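Trainee: Sending over a structure as structure tokens; questions will come in a sec.
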Amino acid sequence: MKTRLLIVTMALLFSGLFKAEAQTLESKYGLDSAQTILNASLYIEMVKQGNYKDALKGWRYVYKNAPAYQKSTYINGVKIMEGLYRSTKNEKYIDTLMMVYDNRIKYFGTDRKYNTGWILGRKGGDLFQYKPNDVPAVKEAYAIMQKSIKMQGLDAEAKVIANTMEASKVLVQNNQIEAEEVIDNYLLFMDMAKKQMDAETDPAKKDNINNARLNVEQIFFAAGVADCETLSNIFTPKFHANHDDLVLINKILRMLNRQECEDGALYAEVAERKYELDPTADAAHNLAKMFIKKKEFDKSKEYLVKSIELEKEADIKADLHFKLATILLMQGQYSNAKSNALKAAGFRANWGQPYLLIGKAYAAYSKNYGTSALEKQSVYWVAVDKFLKAKAMDPDCSEEARELINTYSQYFPRKEEAFFEGVKEGDTYKVGDWINESTKARLTE
């Protein structure tokens with residue numbers, strides 16, 4: 001009772017300051033400054049207590065009679081309507097909630113931080129949250145959130161993006177939108193996430209963005225439009241009708257690449273057409289991936305070389321050289337495999353995988369090196385050196401490196417064999433041929 005009396009007293013005292021001002025509906029204090037301040041003070045106290053039922057009357061007065069009074073009118077309005085809906089399940093409160101957002105846009109939509117685009121994201125998200133099984137409402141929410149994302153760009157909230165993806169899943173499953181629209185959303189949101197990740201320096205925020213990206217991916221897969229057969233059914237007729245449309249071609253390839261559908265007939269057609277129209281590094285890379293899937297490795301190598309020649313970005317060149325090195329290793333072209341692995345490592349700092357590959361190439365070549373048992377087994381020393389280097393420089397490959405070290409250390413020369421060759425533990429030893437590495441002798445019992 002004392003708190004209420006204090007609020008009324010203070011409201012009346014402050015109201016005297018505004019009598020000289022012209023009072024209209026659009027002015028800050030509305031039609032009656034005393035009533036505005038009084039009702040605002042009373043309903044805010046009720047909101048703090050979670051008493052939304054008793055807060056409604058005072059809030060409604062301010063909302064209707066002083067809509068430009070405070071941004072908090074709309075923040076509290078959301079709390080009140082959500083609270084009343086949760087306690088009553090009466091959908092009239094959801095309708096009012098939508099009007100609260102509309103009025104906030106009208107009177108505070110130019111706010112520097114929480115502008116119209118941000119408000120639309122919250123409005124659409126709430127409509128979707130409270131009416132997830134009402135298809136017309138989901139469609140309306142989806143349109144609102146799409147508008148928000150268009151306005152906000154890379155500042156769009158992760159929650160809004162996830163809700164939009166979820167809404168598109170509901171709509172495609174109810175035949176309200178085409179599968180291609182869901183695919184377009186997915187590609188857009190993945191691109192946005194990459195740009196946000198690239199621009200962000202805070203590790204915690206990077207993790208949040210990555211979690212949002214994983215959430216979008218999960219929703220996309222659940223929508224039922226991500227498998228290779230569905231993608232082929234969607235895009236094959238479109239490609240045949242527009243086989244010179246590079247925008248369409250690029251979209252198809254991006255989607256097929258993401259879903260690892262490089263071995264299908266559509267991929268072959270689109271990738272080859274892309275290379276005909278636009279013989280870029282990316283186009284050559286697409287063909288290389290296709291031939292890898294088909295196990296036509298000589299053709300794949302040809303296009304990887306072309307892609308490397310055309311590519312300008314160091315990180316992508318690293319991947320291309322590594323793929324080429326992998327094929328060369330598999331074909332027993334160990335020296336060339338090593339050369340490309342070193343180039344891959346040169347284009348990306350602290351990357352251990354190329355050194356694992358070089359170590360594997362050394363180990364595979366051991367049977368062809370030298371004539372004595374010790375000479376052949378000495379190659380395992382330099383192989384393990386590479387595995388140790390990879391383990392030390394790159395935590396991502398440390399587990400594989402550890403397994404390889406344990407495996408190949410078992411094949412080190414025995415002390416008895418080394419004795420007859422004049423080699424002792426810890427001696428510097430040169431492995432020649434294309435390997436051309438010096439190492440330390442390590443012997444087993």
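Naming works like this for the structure tokens: A, B, ... for the chains as they're shown, residue 1 at the start of each chain, ligands 1 onward in shown order.
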Can you pull out the residues contacting A:Gln410? Cut-off 12 Å, using only C-alpha atoms, and skip same-chain residues under 5 positions away; I want them as an NGL selection string.
Mentor: :A and (377-378 or 380-381 or 384 or 403-405 or 442-445)
Trainee: Give me the residues within 8 Å of stretch 346-358 of chain A as JSON, numbers by chain, counting only C-alpha atoms and dropping any in the same chain fewer than 5 places off.
Mentor: {"A": [314, 315, 317, 318, 322, 325, 326, 329, 337, 338, 341, 383, 386, 387, 389, 390, 391, 393, 394, 396, 397, 401]}
Trainee: Please identify all polymer residues within 7 Å of stretch 165-170 of chain A, counting only C-alpha atoms, omitting same-chain residues fewer than 3 positions from it, and present them as JSON, numbers by chain.
Mentor: {"A": [138, 142, 161, 162, 173, 174, 182, 185, 216, 219, 223]}
Trainee: Print the selection's residues with C-alpha atoms to a file, as a compact mmCIF listing (two decimals), in the first residue's frame.
Mentor:
```
# COMPACT_ATOMS: atom_id res chain seq x y z
CA VAL A 138 3.14 -19.99 -40.21
CA TYR A 142 7.56 -16.80 -42.58
CA ILE A 161 17.26 -17.40 -39.17
CA ALA A 162 16.56 -20.72 -37.44
CA GLN A 173 5.80 -30.28 -45.98
CA ASN A 174 2.32 -28.76 -46.30
CA VAL A 182 13.82 -24.25 -48.96
CA ASN A 185 17.00 -20.41 -47.88
CA VAL A 216 19.97 -24.67 -39.83
CA ILE A 219 16.38 -28.38 -39.98
CA ALA A 223 12.71 -30.93 -44.41
```
Trainee: Between A:Trp434, A:Tyr101, A:Tyr365, A:Trp59, single out the one closest to A:Thr36, counting only C-alpha atoms.
Mentor: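 Counting only C-alpha atoms, the residue closest to A:Thr36 is A:Trp59.
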Trainee: Would you compute the distance between atom CA of A:Asp155 and atom CA of A:Ile75? Give it in Å to one decimal.
Mentor: 20.5 Å
Trainee: Set the distance at 7 Å and use only C-alpha atoms: which residues neighbour A:Leu324 once local chain neighbours fewer than 2 positions away are removed? I'd like the list as a ChimeraX atom specification.
Mentor: /A:301,304,320-322,326-328,340
Trainee: For the residues selected in the previous step, produce a file with N, CA, C and O atoms as a CSV table (one decimal), in the first residue's frame.
Mentor:
```csv
chain,number,residue,atom,x,y,z
A,301,LYS,N,43.0,-35.9,-62.1
A,301,LYS,CA,44.3,-35.3,-62.0
A,301,LYS,C,44.4,-34.1,-63.0
A,301,LYS,O,44.9,-33.0,-62.7
A,304,LEU,N,42.4,-31.2,-61.7
A,304,LEU,CA,43.0,-30.7,-60.5
A,304,LEU,C,44.1,-29.7,-60.9
A,304,LEU,O,44.3,-28.6,-60.4
A,320,LEU,N,43.5,-28.2,-53.1
A,320,LEU,CA,43.6,-28.8,-54.5
A,320,LEU,C,44.9,-29.6,-54.5
A,320,LEU,O,45.0,-30.7,-55.0
A,321,HIS,N,46.0,-29.0,-54.0
A,321,HIS,CA,47.3,-29.7,-54.0
A,321,HIS,C,47.2,-31.0,-53.2
A,321,HIS,O,47.8,-32.0,-53.5
A,322,PHE,N,46.5,-30.9,-52.1
A,322,PHE,CA,46.4,-32.1,-51.2
A,322,PHE,C,45.6,-33.2,-51.9
A,322,PHE,O,45.9,-34.4,-51.8
A,326,THR,N,46.9,-36.9,-52.8
A,326,THR,CA,46.3,-38.1,-52.3
A,326,THR,C,46.1,-39.1,-53.5
A,326,THR,O,46.3,-40.3,-53.3
A,327,ILE,N,45.7,-38.6,-54.6
A,327,ILE,CA,45.6,-39.4,-55.8
A,327,ILE,C,46.9,-40.0,-56.2
A,327,ILE,O,47.0,-41.2,-56.5
A,328,LEU,N,47.9,-39.2,-56.2
A,328,LEU,CA,49.3,-39.6,-56.6
A,328,LEU,C,49.8,-40.7,-55.7
A,328,LEU,O,50.4,-41.7,-56.1
A,340,ASN,N,53.5,-32.4,-54.1
A,340,ASN,CA,52.2,-31.7,-53.9
A,340,ASN,C,51.8,-31.5,-52.5
A,340,ASN,O,51.1,-30.5,-52.1
```
Trainee: What residues in stretch 48-247 of chain A get the DSSP label helix (DSSP H, G or I)? Please answer as a ChimeraX atom specification.
Mentor: /A:48,52-65,72-88,92-108,116-130,135-155,158-173,179-199,203-222,228-241,246-247
Trainee: Considering only C-alpha atoms, return as a ChimeraX atom specification whatever protein or nucleic-acid residues lie within 12 Å of A:Gly153, sequence-local ones (same chain, fewer than 3 positions apart) excluded.
Mentor: /A:117-118,121,145-150,156-158,160-161,188-189,191-193,195-196
Trainee: Using Å and a single decimal, report how far atom CA of A:Ile44 sits from atom CA of A:Lys71.
Mentor: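 So the answer is 12.7 Å.
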Trainee: Name all residues at most 7 Å from stretch 275-283 of chain A (count only C-alpha atoms; drop same-chain ones fewer than 3 positions away) and give them as a list of chain:residue names.
Mentor: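 Using only C-alpha atoms, the neighbours found are A:Ala271, A:Glu272, A:Asn286, A:Leu287, A:Lys306, A:Ser307, A:Ile308, A:Leu310, A:Glu311.
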Trainee: Using the selection just defined, write its residues with C-alpha atoms as an mmCIF file, in the first residue's frame.
Mentor:
```
data_model
loop_
_atom_site.group_PDB
_atom_site.id
_atom_site.type_symbol
_atom_site.label_atom_id
_atom_site.label_comp_id
_atom_site.auth_asym_id
_atom_site.auth_seq_id
_atom_site.Cartn_x
_atom_site.Cartn_y
_atom_site.Cartn_z
ATOM 1 C CA ALA A 271 29.760 -29.456 -64.204
ATOM 2 C CA GLU A 272 30.743 -29.942 -67.834
ATOM 3 C CA ASN A 286 33.901 -29.504 -59.937
ATOM 4 C CA LEU A 287 34.918 -31.781 -62.802
ATOM 5 C CA LYS A 306 43.948 -26.961 -64.351
ATOM 6 C CA SER A 307 42.166 -25.798 -61.227
ATOM 7 C CA ILE A 308 45.477 -25.196 -59.442
ATOM 8 C CA LEU A 310 43.627 -20.942 -62.350
ATOM 9 C CA GLU A 311 43.023 -20.660 -58.596
#
```
Trainee: In Å to one decimal, how far is atom CA of A:Glu181 from atom CA of A:Ala143?
Mentor: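 Between these atoms lies a distance of 12.5 Å.
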Trainee: Got a sec: who's within 10 Å of A:Glu437, counting only C-alpha atoms, leaving out chain neighbours fewer than 3 positions off, as a list of chain:residue names?
Mentor: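 Here the answer would be A:Val379, A:Trp381, A:Val382, A:Ala383, A:Asp385, A:Tyr429, A:Lys430, A:Val431, A:Gly432, A:Asp433, A:Trp434.
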Trainee: Counting only C-alpha atoms, which of A:Phe419, A:Glu296, A:Lys289, A:Leu187 gets nearest to A:Arg254?
Mentor: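 Smallest separation from A:Arg254 among the options: A:Leu187.
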